[in-house]
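S.K.: File data.txt follows (compact mmCIF, C-alpha atoms and all ligand atoms):
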```
# COMPACT_ATOMS: atom_id res chain seq x y z
CA MET A 1 122.27 117.25 95.59
CA ILE A 2 123.27 113.58 95.72
CA PHE A 3 120.34 111.42 96.72
CA LYS A 4 119.66 107.71 97.26
CA ALA A 5 116.29 106.02 97.03
CA ILE A 6 115.79 102.88 99.10
CA LEU A 7 113.64 99.97 97.94
CA ASN A 8 112.55 96.92 99.91
CA GLY A 9 112.79 94.25 97.24
CA SER A 10 111.34 91.61 99.58
CA SER A 11 108.04 93.44 99.98
CA PRO A 12 105.01 92.31 97.95
CA SER A 13 104.33 96.01 97.30
CA VAL A 14 107.80 96.75 95.87
CA ALA A 15 106.37 97.78 92.46
CA ALA A 16 104.04 100.33 94.11
CA GLN A 17 106.93 101.61 96.27
CA ALA A 18 109.10 102.02 93.16
CA GLU A 19 106.40 103.96 91.28
CA GLU A 20 105.80 106.17 94.31
CA LEU A 21 109.53 106.95 94.61
CA ASN A 22 109.75 107.50 90.86
CA GLY A 23 106.84 110.00 90.96
CA PHE A 24 108.46 111.87 93.87
CA ILE A 25 111.89 111.96 92.19
CA ARG A 26 110.42 113.22 88.87
CA LYS A 27 108.48 115.92 90.71
CA HIS A 28 111.14 117.20 93.10
CA LEU A 29 114.58 115.97 92.08
CA SER A 30 114.64 115.83 88.29
CA SER A 31 116.70 119.03 87.79
CA GLY A 32 120.22 118.82 86.37
CA ASP A 33 122.06 119.37 89.68
CA ASN A 34 120.60 116.31 91.38
CA ILE A 35 122.26 112.95 90.97
CA GLY A 36 120.43 109.92 92.21
CA SER A 37 120.86 106.21 92.62
CA THR A 38 118.83 103.43 94.19
CA ILE A 39 119.71 100.85 96.82
CA VAL A 40 117.59 97.72 96.54
CA PHE A 41 117.56 95.25 99.42
CA TYR A 42 116.41 91.76 98.53
CA ALA A 43 116.66 88.23 99.87
CA LYS A 44 115.78 85.82 97.05
CA LYS A 45 118.38 85.46 94.27
CA GLU A 46 115.74 84.72 91.64
CA ALA A 47 114.02 88.09 92.26
CA LYS A 48 117.08 90.08 91.13
CA ASN A 49 116.29 90.60 87.43
CA ALA A 50 112.66 91.55 88.03
CA LEU A 51 113.78 94.06 90.66
CA LEU A 52 116.20 95.71 88.24
CA GLY A 53 113.22 96.61 86.04
CA LEU A 54 111.67 98.55 88.92
CA VAL A 55 114.56 100.83 89.73
CA PRO A 56 113.76 104.53 89.21
CA THR A 57 117.38 105.63 88.58
CA GLU A 58 120.11 104.62 86.14
CA SER A 59 122.54 103.69 88.85
CA VAL A 60 121.65 100.91 91.29
CA LYS A 61 123.20 99.04 94.19
CA LEU A 62 121.74 95.56 94.68
CA VAL A 63 122.25 94.41 98.25
CA ARG A 64 121.33 90.85 99.16
CA VAL A 65 120.46 90.42 102.84
CA ALA A 66 119.20 87.45 104.85
CA ARG A 67 115.90 89.22 105.47
CA TYR A 68 114.44 92.71 105.52
CA GLN A 69 114.52 93.61 109.20
CA PRO A 70 115.52 97.08 110.46
CA GLU A 71 118.61 95.78 112.29
CA ASN A 72 119.93 94.04 109.17
CA ILE A 73 119.10 96.94 106.87
CA LEU A 74 120.81 99.54 109.08
CA GLU A 75 123.90 97.37 109.32
CA ALA A 76 123.91 96.70 105.58
CA LEU A 77 123.49 100.41 104.81
CA GLN A 78 126.44 101.15 107.05
CA THR A 79 128.51 98.56 105.16
CA VAL A 80 127.73 99.69 101.61
CA GLU A 81 127.25 103.43 102.12
CA ASN A 82 129.48 106.40 102.67
CA ALA A 83 126.85 108.71 104.16
CA GLU A 84 129.21 111.68 104.06
CA LYS A 85 128.92 111.65 100.28
CA THR A 86 125.12 111.49 100.24
CA HIS A 87 122.94 114.50 100.97
CA LEU A 88 119.50 112.91 100.93
CA TYR A 89 118.06 109.43 101.58
CA LEU A 90 114.50 108.76 100.39
CA PHE A 91 112.63 105.92 102.07
CA PRO A 92 109.23 104.67 100.88
CA SER A 93 105.97 105.47 102.68
CA GLY A 94 104.76 103.12 105.38
CA PHE A 95 105.92 102.12 108.83
CA ALA A 96 109.15 100.33 107.82
CA GLY A 97 110.33 103.28 105.67
CA SER A 98 109.68 105.77 108.47
CA GLU A 99 111.36 103.63 111.14
CA ILE A 100 114.52 103.12 109.14
CA ALA A 101 114.65 106.79 108.01
CA VAL A 102 114.71 107.98 111.63
CA ARG A 103 117.17 105.33 112.85
CA TRP A 104 119.51 105.86 109.89
CA ALA A 105 119.55 109.64 110.50
CA CYS A 106 120.34 108.98 114.15
CA ARG A 107 123.26 106.67 113.27
CA MET A 108 124.64 109.06 110.64
CA LYS A 109 124.12 112.15 112.84
CA GLY A 110 121.87 113.61 110.17
CA SER A 111 118.28 114.82 110.38
CA SER A 112 115.02 113.09 109.59
CA LEU A 113 111.39 113.80 108.84
CA VAL A 114 108.74 111.20 108.12
CA GLN A 115 105.63 111.26 105.89
CA VAL A 116 106.96 114.09 103.75
CA LYS A 117 104.77 115.48 100.96
CA GLN A 118 107.09 117.97 99.26
CA ILE A 119 110.72 119.04 99.32
CA GLU A 120 112.80 121.95 98.06
CA CYS A 121 116.57 121.73 98.06
CA SER A 122 118.06 125.09 98.84
CA GLY A 123 121.79 125.37 99.42
CA ALA A 124 122.81 124.15 102.84
CA GLN A 125 119.34 123.04 103.90
CA LEU A 126 116.37 120.98 102.86
CA ILE A 127 112.90 122.47 103.13
CA ALA A 128 110.38 119.68 103.62
CA ARG A 129 106.60 119.87 104.01
CA LYS A 130 104.20 117.46 105.67
CA THR A 131 100.65 117.71 106.95
CA VAL A 132 100.22 118.32 110.68
CA TYR A 133 97.35 118.95 113.14
CA ALA A 134 95.17 116.09 111.87
CA ASN A 135 96.00 117.00 108.28
CA HIS A 136 94.49 120.48 108.52
CA VAL A 137 97.78 122.35 108.11
CA LEU A 138 100.76 121.91 105.80
CA GLY A 139 103.81 122.37 108.04
CA THR A 140 107.18 123.54 106.72
CA PHE A 141 110.35 122.09 108.27
CA LYS A 142 113.95 123.09 107.75
CA LEU A 143 116.46 120.23 107.87
CA THR A 144 119.99 121.49 108.28
CA GLN A 145 122.05 118.46 109.26
CA LYS A 146 123.14 116.15 106.43
CA PRO A 147 122.34 113.45 105.50
CA TYR A 148 118.65 114.31 105.33
CA CYS A 149 116.68 111.09 105.78
CA ILE A 150 113.02 111.30 104.85
CA SER A 151 110.18 108.86 104.30
CA LEU A 152 107.42 109.77 101.86
CA ALA A 153 103.82 110.44 102.75
CA LYS A 154 101.32 108.14 101.09
CA GLY A 155 100.09 109.85 97.92
CA SER A 156 102.82 112.54 98.11
CA ALA A 157 103.24 112.32 94.33
CA ASP A 158 101.37 110.61 91.52
CA ARG A 159 102.81 107.17 91.01
CA GLN A 160 104.81 106.96 87.79
CA ALA A 161 105.56 103.73 86.00
CA ILE A 162 109.26 103.02 85.56
CA THR A 163 110.47 103.38 81.99
CA ILE A 164 112.65 100.42 81.12
CA ARG A 165 116.22 101.56 80.72
CA ASP A 166 118.62 99.85 78.33
CA LYS A 167 121.56 100.82 80.40
CA ARG A 168 121.97 100.40 84.13
CA ILE A 169 125.05 100.88 86.24
CA VAL A 170 124.78 98.02 88.70
CA THR A 171 126.92 97.18 91.69
CA GLU A 172 126.20 94.13 93.80
CA HIS A 173 126.83 93.16 97.40
CA ASP A 174 126.03 89.90 99.13
CA LEU A 175 125.56 90.58 102.84
CA THR A 176 123.58 87.47 103.73
CA GLY A 177 126.25 86.59 106.28
CA LEU A 178 125.80 89.92 108.04
CA GLN A 179 122.83 88.98 110.17
CA LYS A 180 122.32 91.41 113.02
CA ASP A 181 118.90 90.19 114.03
CA ARG A 182 120.00 86.86 115.47
CA PHE A 183 117.79 87.51 118.49
CA ILE A 184 114.82 86.83 116.18
CA LYS A 185 114.24 83.07 116.32
CA HIS A 186 111.59 82.88 113.65
CA SER A 187 109.83 85.31 111.35
CA ASN A 188 107.01 84.86 108.91
CA TRP A 189 105.21 87.23 106.53
CA ILE A 190 101.47 87.02 106.82
CA PRO A 191 100.07 88.94 103.86
CA THR A 192 97.08 91.10 104.74
CA GLU A 193 94.40 92.14 102.32
CA THR A 194 95.39 95.36 100.61
CA THR A 195 93.75 98.50 99.30
CA GLN A 196 95.06 97.90 95.77
CA ASP A 197 91.62 97.27 94.23
CA LEU A 198 90.40 100.60 95.63
CA GLU A 199 93.44 102.44 94.32
CA ALA A 200 93.01 100.95 90.84
CA ALA A 201 89.20 101.37 90.67
CA THR A 202 87.58 103.48 87.95
CA PHE A 203 84.17 103.41 89.64
CA LEU A 204 84.01 103.72 93.41
CA ILE A 205 81.15 103.83 95.89
CA VAL A 206 82.05 105.01 99.39
CA GLY A 207 79.78 104.74 102.40
CA GLY A 208 80.14 106.85 105.54
CA ARG A 209 78.74 106.94 109.05
CA GLY A 210 75.44 108.07 107.51
CA MET A 211 74.84 104.37 106.72
CA HIS A 212 74.15 104.00 110.48
CA SER A 213 74.63 100.19 110.77
CA LYS A 214 76.59 97.15 109.64
CA GLU A 215 73.51 95.76 107.89
CA ASN A 216 73.10 98.95 105.83
CA THR A 217 76.81 98.84 105.00
CA GLN A 218 76.45 95.28 103.69
CA ARG A 219 73.41 96.35 101.64
CA LEU A 220 75.33 99.22 100.04
CA LYS A 221 78.25 96.88 99.30
CA LYS A 222 75.86 94.53 97.50
CA ILE A 223 74.63 97.42 95.34
CA ALA A 224 78.25 98.40 94.61
CA ASP A 225 79.06 94.79 93.60
CA ALA A 226 76.00 94.65 91.34
CA LEU A 227 76.94 97.96 89.69
CA GLY A 228 80.54 96.83 89.19
CA ALA A 229 81.97 99.44 91.57
CA ALA A 230 84.70 99.01 94.17
CA PHE A 231 83.42 99.61 97.69
CA GLY A 232 85.21 101.78 100.23
CA VAL A 233 84.24 103.37 103.53
CA SER A 234 85.16 106.28 105.78
CA ARG A 235 87.19 105.75 108.92
CA PRO A 236 84.35 105.60 111.48
CA VAL A 237 82.74 102.81 109.43
CA ALA A 238 85.93 100.75 109.33
CA MET A 239 86.67 101.48 113.00
CA SER A 240 83.17 100.27 113.93
CA ALA A 241 84.08 96.97 112.21
CA TRP A 242 81.21 97.31 109.76
CA THR A 243 83.85 96.39 107.11
CA PRO A 244 87.46 95.17 107.31
CA LEU A 245 89.99 97.96 107.92
CA HIS A 246 91.51 97.73 104.45
CA ARG A 247 88.29 99.18 102.93
CA MET A 248 89.13 102.58 104.47
CA ILE A 249 89.58 105.60 102.20
CA GLY A 250 91.61 108.65 103.15
CA VAL A 251 94.99 109.54 104.58
CA SER A 252 94.88 106.52 106.89
CA GLY A 253 93.74 104.21 104.09
CA ALA A 254 93.52 104.12 100.29
CA MET A 255 94.24 107.15 98.09
CA THR A 256 92.00 106.69 95.06
CA LYS A 257 91.58 108.35 91.65
CA PRO A 258 88.48 106.87 89.99
CA GLU A 259 86.55 108.29 87.05
CA VAL A 260 83.43 108.40 89.21
CA CYS A 261 83.15 108.37 92.99
CA ILE A 262 79.78 108.24 94.74
CA ALA A 263 80.14 109.32 98.38
CA ALA A 264 77.04 108.30 100.34
CA GLY A 265 76.50 109.47 103.92
CA VAL A 266 80.00 110.91 104.16
CA SER A 267 80.55 114.42 105.56
CA GLY A 268 83.80 115.04 103.61
CA ALA A 269 86.29 115.73 106.43
CA ALA A 270 89.76 116.74 105.16
CA ALA A 271 91.40 113.44 106.15
CA PHE A 272 88.77 111.54 104.17
CA TYR A 273 88.55 113.93 101.23
CA ALA A 274 92.30 113.63 100.52
CA GLY A 275 91.56 110.02 99.53
CA ILE A 276 89.03 110.89 96.81
CA GLU A 277 90.06 114.38 95.68
CA LYS A 278 91.73 113.03 92.52
CA SER A 279 88.40 111.56 91.29
CA LYS A 280 87.28 112.94 87.93
CA THR A 281 83.66 113.28 89.11
CA ILE A 282 82.42 113.21 92.69
CA VAL A 283 78.74 112.60 93.38
CA ALA A 284 77.77 113.29 97.00
CA ILE A 285 74.55 112.05 98.57
CA ASN A 286 73.87 113.61 101.94
CA THR A 287 70.85 114.70 103.95
CA ASP A 288 72.71 117.80 105.18
CA ILE A 289 73.17 120.58 102.64
CA ARG A 290 75.90 122.10 104.87
CA ALA A 291 78.14 119.00 104.83
CA PRO A 292 81.60 119.95 103.40
CA ILE A 293 81.36 117.20 100.75
CA ILE A 294 78.41 119.00 99.16
CA LYS A 295 80.58 122.01 98.32
CA ALA A 296 83.44 119.85 97.03
CA ALA A 297 81.28 117.55 94.87
CA ASP A 298 80.60 117.92 91.15
CA VAL A 299 77.05 116.62 91.68
CA ALA A 300 75.25 116.97 95.01
CA ILE A 301 72.06 115.11 95.92
CA ILE A 302 70.40 116.24 99.13
CA ASP A 303 68.47 113.16 100.17
CA ASP A 304 68.60 109.89 102.08
CA TYR A 305 71.31 107.83 100.38
CA LYS A 306 69.25 104.63 100.72
CA ALA A 307 66.46 105.93 98.50
CA VAL A 308 68.90 107.33 95.93
CA MET A 309 71.05 104.19 95.71
CA ALA A 310 68.02 101.88 95.53
CA GLU A 311 66.65 103.96 92.63
CA LEU A 312 70.05 103.99 90.88
CA ALA A 313 70.35 100.21 91.19
CA LYS A 314 66.82 99.80 89.81
CA ILE A 315 67.59 101.95 86.75
CA VAL A 316 70.98 100.43 85.97
CA LEU A 317 70.22 96.80 86.72
CA CYS A 318 66.74 96.38 85.27
C1 LIG B 401 94.89 111.75 112.16
C2 LIG B 401 93.52 111.46 111.57
C3 LIG B 401 93.45 110.68 110.43
C4 LIG B 401 92.19 110.41 109.87
N1 LIG B 401 92.16 109.63 108.75
C5 LIG B 401 90.95 109.39 108.17
C6 LIG B 401 90.86 108.63 106.97
O1 LIG B 401 91.85 108.17 106.40
N2 LIG B 401 89.63 108.42 106.45
C7 LIG B 401 88.48 108.92 107.02
O2 LIG B 401 87.38 108.70 106.48
N3 LIG B 401 88.55 109.65 108.16
C8 LIG B 401 89.74 109.89 108.74
N4 LIG B 401 89.78 110.61 109.89
C9 LIG B 401 88.50 110.99 110.53
C10 LIG B 401 87.86 112.21 109.85
O3 LIG B 401 88.40 113.39 110.42
C11 LIG B 401 86.33 112.20 110.02
O4 LIG B 401 85.99 112.09 111.38
C12 LIG B 401 85.64 111.07 109.24
O5 LIG B 401 86.06 111.10 107.89
C13 LIG B 401 84.13 111.25 109.28
O6 LIG B 401 83.53 110.15 108.66
P1 LIG B 401 82.05 110.23 108.05
O7 LIG B 401 82.01 111.33 107.04
O8 LIG B 401 81.65 108.88 107.62
O9 LIG B 401 81.16 110.58 109.35
P2 LIG B 401 80.44 111.91 109.77
O10 LIG B 401 81.38 113.06 109.79
O11 LIG B 401 79.71 111.60 111.02
O12 LIG B 401 79.39 112.18 108.59
C14 LIG B 401 78.26 111.42 108.34
C15 LIG B 401 77.47 112.14 107.26
O13 LIG B 401 76.37 111.35 106.87
C16 LIG B 401 75.26 112.20 106.61
N5 LIG B 401 74.05 111.36 106.74
C17 LIG B 401 73.48 110.85 107.86
N6 LIG B 401 72.42 110.06 107.53
C18 LIG B 401 72.35 110.08 106.18
C19 LIG B 401 71.49 109.44 105.23
N7 LIG B 401 70.52 108.61 105.63
N8 LIG B 401 71.68 109.68 103.91
C20 LIG B 401 72.67 110.50 103.48
N9 LIG B 401 73.52 111.13 104.33
C21 LIG B 401 73.37 110.91 105.66
C22 LIG B 401 75.39 113.29 107.67
O14 LIG B 401 74.70 114.45 107.26
C23 LIG B 401 76.91 113.50 107.72
O15 LIG B 401 77.33 114.51 106.82
C24 LIG B 401 91.01 110.91 110.46
C25 LIG B 401 91.11 111.71 111.61
C26 LIG B 401 92.34 111.98 112.16
C27 LIG B 401 92.40 112.84 113.38
```
Is it possible to express this structure as structure tokens?
Ligand SMILES: Cc1cc2nc3c(=O)[nH]c(=O)nc-3n(C[C@H](O)[C@H](O)[C@H](O)COP(=O)(O)OP(=O)(O)OC[C@H]3O[C@@H](n4cnc5c(N)ncnc54)[C@H](O)[C@@H]3O)c2cc1C
M.R.:
Amino acid sequence: MIFKAILNGSSPSVAAQAEELNGFIRKHLSSGDNIGSTIVFYAKKEAKNALLGLVPTESVKLVRVARYQPENILEALQTVENAEKTHLYLFPSGFAGSEIAVRWACRMKGSSLVQVKQIECSGAQLIARKTVYANHVLGTFKLTQKPYCISLAKGSADRQAITIRDKRIVTEHDLTGLQKDRFIKHSNWIPTETTQDLEAATFLIVGGRGMHSKENTQRLKKIADALGAAFGVSRPVAMSAWTPLHRMIGVSGAMTKPEVCIAAGVSGAAAFYAGIEKSKTIVAINTDIRAPIIKAADVAIIDDYKAVMAELAKIVLC
């Protein structure tokens, strides 16, 4: 199978995107029959060399565009690509990757699937899997029309750092004149706070709806700060605005892998649990012995989280 990975070199999260794509390629496309290359879109000339170090394949096409907007990217892809010769396009996770995957498939008369977790290439079709029904079921889809255009699901593969290659086969295109988004008068990137600290944390404390109020949430965050832990929350907590949204853990937020995760007042619903399941040790504190997190945890404490956390802080901080 001939595949192409697409990287948005203008994004502040390009390194994370590259590691995600690299992990997915190593897991699903590293066999001898698959030949891959990467297309990197970028705007700033000075970013070029740093971007080359992030490319997960030996062969790379560097495409300079005025800005990373779907209209420009689709047009640029059409200019530099012969889609008949490519079987599979891999777009990164996130909204932009999914949007362009679907629109590119539509233009190329191929087929698309977004937020894909796994793939199997089998002859004339691509078998792709993604979670459906609120993440309770892993659905299997058969894509039969080439090119297959998929975007990855967040956390679909362990991120893998790019090994620096001595040799790269690089082709370059400057398509800054090809601006198809002239209807946009002005655009500006406003960086939002990210979940990166949660994803990199080795010690994590997560509070759930069992905290019952914004004040209690702030108290637990203070304890987490004092203990040197990153602080995350479940979705209902973030949606109640007890914390900013980017503190959310789970399929809609950060996918973490700490050494120790303390989950306090969290029931352990599947969509949440996916965000902490790679923890080495999970300690659950819950008043309900039947909460799903109790079964999944390495250590379960059946008690009011407030009493347990206050005692823990006393022991560690005195
Ligand atoms: C498409 C989709 C995506 C979703 N994505 C996410 C996601 O990314 N992240 C996420 O978190 N959720 C997500 N959800 C929601 C998810 O299904 C659950 O509803 C949510 O995780 C529940 O949060 P919770 O455990 O904090 O609350 P609850 O399920 O209400 O659990 C609260 C727990 O606190 C315990 N408790 C109460 N008082 C105390 C106390 N004093 N001390 C100790 N324990 C106490 C209770 O026994 C209970 O087990 C998603 C849902 C959908 C449909």
S.K.: Leaving out region 8-22 of chain A and any residue of its chain fewer than 3 positions from it, which residues lie within 9 Å of it when counting all atoms listed in the file, given as a ChimeraX atom specification?
M.R.: /A:5,25-27,39-44,47-48,51,54-57,67-68,90-93,97,152,154-162,191
S.K.: Taking (83.2, 96.6, 89.6) in the file's own coordinates, collect the residues within 9 Å, counting all atoms listed in the file, and hand them back as a list of chain:residue names.
M.R.: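 Those residues, ordered by chain and then number, are A:Ala201, A:Thr202, A:Phe203, A:Leu204, A:Ala224, A:Asp225, A:Ala226, A:Leu227, A:Gly228, A:Ala229, A:Ala230, A:Phe231.
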S.K.: Write out as a Markdown table a residue-level contact list of chain A versus ligand LIG 401 (chain B) with cut-off 6 Å: for each qualifying residue the closest pair of atoms and the distance in Å to one decimal, counting all atoms listed in the file, rows sorted by chain and residue number upward.
M.R.:
```
| residue | atom | partner | partner_atom | distance |
| --- | --- | --- | --- | --- |
| A:Ala134 | CA | B:LIG401 | C1 | 4.4 |
| A:Gly208 | CA | B:LIG401 | O8 | 3.3 |
| A:Arg209 | CA | B:LIG401 | O8 | 3.8 |
| A:Gly210 | CA | B:LIG401 | C17 | 3.4 |
| A:Ser234 | CA | B:LIG401 | O2 | 3.4 |
| A:Arg235 | CA | B:LIG401 | O2 | 3.8 |
| A:Pro236 | CA | B:LIG401 | O6 | 5.4 |
| A:Ile249 | CA | B:LIG401 | N2 | 5.1 |
| A:Gly250 | CA | B:LIG401 | O1 | 3.3 |
| A:Val251 | CA | B:LIG401 | O1 | 3.9 |
| A:Ser252 | CA | B:LIG401 | O1 | 3.5 |
| A:Gly253 | CA | B:LIG401 | O1 | 5.0 |
| A:Ala264 | CA | B:LIG401 | C20 | 5.8 |
| A:Gly265 | CA | B:LIG401 | N9 | 3.4 |
| A:Val266 | CA | B:LIG401 | O7 | 3.5 |
| A:Ser267 | CA | B:LIG401 | O15 | 3.5 |
| A:Gly268 | CA | B:LIG401 | O7 | 5.4 |
| A:Ala269 | CA | B:LIG401 | O5 | 4.9 |
| A:Ala271 | CA | B:LIG401 | C5 | 4.5 |
| A:Phe272 | CA | B:LIG401 | C7 | 3.9 |
| A:Ile285 | CA | B:LIG401 | C20 | 5.5 |
| A:Asn286 | CA | B:LIG401 | N9 | 3.5 |
| A:Thr287 | CA | B:LIG401 | N9 | 4.5 |
| A:Asp288 | CA | B:LIG401 | O14 | 4.4 |
| A:Ala291 | CA | B:LIG401 | O15 | 5.0 |
| A:Asp303 | CA | B:LIG401 | C20 | 6.0 |
| A:Asp304 | CA | B:LIG401 | N8 | 3.6 |
| A:Tyr305 | CA | B:LIG401 | N8 | 4.0 |
```
S.K.: Please provide the set of residues having any atom within 12 Å of Glu58 (chain A), restricted to only C-alpha atoms, with same-chain residues fewer than 2 positions apart removed, written as a ChimeraX atom specification.
M.R.: /A:4-5,22,35-39,52-56,60-61,162-171
S.K.: Please indicate the distance in Å from CA of Lys146 (chain A) to CA of Leu77 (chain A), rounded to one decimal place.
M.R.: 15.8 Å
S.K.: Please compute the CA of Ile276 (chain A)-CA of Met248 (chain A) distance, one decimal, in Å.
M.R.: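 If I compute the distance from CA of Ile276 (chain A) to CA of Met248 (chain A), I get 11.3 Å.
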S.K.: Measuring atom to atom with only C-alpha atoms, identify which of A:Trp104, A:Val206, A:Glu84, A:Glu215 is nearest to Ile282 (chain A).
M.R.: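 Smallest separation from Ile282 (chain A) among the options: A:Val206.
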S.K.: Report as number ranges by chain all protein, DNA and RNA residues lying within 7 Å of Thr86 (chain A), evaluated on all atoms listed in the file, omitting residues in the same chain fewer than 3 positions from it.
M.R.: A: 2-3, 83, 147
S.K.: Quick one: distance from CA of Gly110 (chain A) to CA of Leu126 (chain A) in Å, one decimal?
M.R.: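 Between CA of Gly110 (chain A) and CA of Leu126 (chain A) the gap is 11.7 Å.
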S.K.: Given all atoms listed in the file as the basis, pick out the residue of A:Val233, A:Ala153, A:Ile262, A:Ala96 nearest to Phe24 (chain A).
M.R.: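 Under the stated criterion, the closest residue is A:Ala153.
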S.K.: When you count only C-alpha atoms, which of these residues is closest to Glu46 (chain A): A:Glu199, A:Val308, A:Arg64, A:Ala263?
M.R.: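 Nearest to Glu46 (chain A): A:Arg64.
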S.K.: Atoms are missing here; could region 238-256 of chain A be completed with N, CA and C atoms and written as a compact mmCIF listing (two decimals), in the frame of the given file?
M.R.:
```
# COMPACT_ATOMS: atom_id res chain seq x y z
N ALA A 238 84.94 101.83 109.18
CA ALA A 238 85.93 100.75 109.33
C ALA A 238 86.24 100.52 110.81
N MET A 239 86.33 101.61 111.58
CA MET A 239 86.67 101.48 113.00
C MET A 239 85.52 100.84 113.79
N SER A 240 84.30 100.93 113.26
CA SER A 240 83.17 100.27 113.93
C SER A 240 83.08 98.81 113.53
N ALA A 241 84.04 98.37 112.70
CA ALA A 241 84.08 96.97 112.21
C ALA A 241 82.87 96.61 111.37
N TRP A 242 82.29 97.63 110.70
CA TRP A 242 81.21 97.31 109.76
C TRP A 242 81.80 96.74 108.47
N THR A 243 83.09 97.01 108.22
CA THR A 243 83.85 96.39 107.11
C THR A 243 85.25 96.10 107.65
N PRO A 244 86.05 95.31 106.90
CA PRO A 244 87.46 95.17 107.31
C PRO A 244 88.17 96.52 107.16
N LEU A 245 89.26 96.68 107.91
CA LEU A 245 89.99 97.96 107.92
C LEU A 245 90.51 98.38 106.55
N HIS A 246 90.87 97.37 105.72
CA HIS A 246 91.51 97.73 104.45
C HIS A 246 90.53 98.31 103.43
N ARG A 247 89.27 98.51 103.81
CA ARG A 247 88.29 99.18 102.93
C ARG A 247 88.33 100.70 103.14
N MET A 248 89.15 101.16 104.10
CA MET A 248 89.13 102.58 104.47
C MET A 248 89.76 103.48 103.40
N ILE A 249 89.08 104.61 103.16
CA ILE A 249 89.58 105.60 102.20
C ILE A 249 90.06 106.82 102.98
N GLY A 250 91.14 107.42 102.51
CA GLY A 250 91.61 108.65 103.15
C GLY A 250 93.08 108.54 103.52
N VAL A 251 93.56 109.52 104.27
CA VAL A 251 94.99 109.54 104.58
C VAL A 251 95.43 108.32 105.38
N SER A 252 94.51 107.72 106.13
CA SER A 252 94.88 106.52 106.89
C SER A 252 94.60 105.25 106.09
N GLY A 253 94.09 105.38 104.88
CA GLY A 253 93.74 104.21 104.09
C GLY A 253 94.14 104.37 102.64
N ALA A 254 93.20 104.09 101.73
CA ALA A 254 93.52 104.12 100.29
C ALA A 254 93.38 105.53 99.72
N MET A 255 94.31 105.88 98.83
CA MET A 255 94.24 107.15 98.09
C MET A 255 93.79 106.78 96.68
N THR A 256 92.60 107.19 96.30
CA THR A 256 92.00 106.69 95.06
C THR A 256 91.97 107.78 93.98
```
